[in-house]
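Visitor: This is the structure I want to talk about, given as structure tokens.
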Amino acid sequence: MIQWQSMAIYLHRTPVDFRKSINGLAVIVQEGMALSPFSESLFVFGNRHRDKIKILYWDKTGFCLWYKRLEKDKFKWPRAGDPVLNLSGEQFSWLLRGLDMSKLKPHQEKYFLEIS
């Protein structure tokens with residue numbers, strides 16, 4: 001079971017060849033994203049048509065690959081920004097549910113020290 005709420009989540013914005021499996025995606029993480037594929041992180045990849053995603057992660061005993069294919073829709077992929085985006089758990093959930101994360105902005109969190 002993925003405990004992704006406590007993991008770093010990195011989205012590779014550029015489409016990848018979905019013939020790549022674990023080894024090919026791990027090389028992209030290491031060389032293309034300059035990150036360690038062995039870290040406690042999720043690495044999210046999309047295909048050119050944006051109807052499929054693959055998620056690679058290391059579970060301390062081996063690599064796991066999660067795959068999702070949409071039948072009639074497309075994932076709302078961020079178009080602008082850095083080639084690698086660090087997503088919050090909430091943004092990742094929005095992506096999986098089909099929401100456009102660039103248009104959704106949660107309320108800013110407030111931190112107080114005392115009640116007046």
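Note on naming: chains are A, B, ... as they come in the structure tokens, residues start from 1 per chain, ligands start from 1 in the order shown.
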Name the residues in contact with Ala80 in chain A at a cut-off of 12 Å, using only C-alpha atoms, excluding same-chain residues fewer than 4 positions from it; report them as a PDB file with N, CA and C atoms, in the first residue's frame.

Guide:
```
ATOM      1  N   ARG A  13       7.088  16.676 -16.185  1.00  0.00           N
ATOM      2  CA  ARG A  13       6.126  17.338 -17.081  1.00  0.00           C
ATOM      3  C   ARG A  13       6.212  16.883 -18.529  1.00  0.00           C
ATOM      4  N   THR A  14       7.388  16.551 -19.011  1.00  0.00           N
ATOM      5  CA  THR A  14       7.559  16.154 -20.403  1.00  0.00           C
ATOM      6  C   THR A  14       7.014  14.746 -20.606  1.00  0.00           C
ATOM      7  N   VAL A  84      10.385  19.582 -13.821  1.00  0.00           N
ATOM      8  CA  VAL A  84      10.026  18.683 -12.722  1.00  0.00           C
ATOM      9  C   VAL A  84       9.289  19.512 -11.680  1.00  0.00           C
ATOM     10  N   LEU A  85       8.075  19.084 -11.349  1.00  0.00           N
ATOM     11  CA  LEU A  85       7.277  19.802 -10.358  1.00  0.00           C
ATOM     12  C   LEU A  85       7.170  18.972  -9.096  1.00  0.00           C
ATOM     13  N   MET A 101      -4.980  21.312 -11.548  1.00  0.00           N
ATOM     14  CA  MET A 101      -4.341  21.828 -10.336  1.00  0.00           C
ATOM     15  C   MET A 101      -3.894  23.277 -10.466  1.00  0.00           C
ATOM     16  N   SER A 102      -3.707  23.766 -11.697  1.00  0.00           N
ATOM     17  CA  SER A 102      -3.289  25.157 -11.863  1.00  0.00           C
ATOM     18  C   SER A 102      -4.424  26.128 -11.582  1.00  0.00           C
TER      19      SER A 102
END
```

Visitor: I need the residues in range 5-110 of chain A that are strand (DSSP E or B) according to DSSP; give them as a list in words.

Guide: Ala8, Ile9, Tyr10, Leu11, His12, Ser41, Leu42, Phe43, Val44, Phe45, Gly46, Lys52, Ile53, Lys54, Ile55, Leu56, Tyr57, Trp58, Phe63, Cys64, Leu65, Trp66, Tyr67, Lys68, Arg69, Val84, Leu85, Asn86 and Leu87 of chain A

Visitor: Tell me, as a list of chain:residue names, which residues lie within 7 Å of Ala8 in chain A, counting only C-alpha atoms; anything in the same chain fewer than 2 positions away does not count.

Guide: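 With the cut-off at 7 Å, the set is A:Ser6, A:Tyr10, A:Glu40, A:Ser41, A:Leu42.
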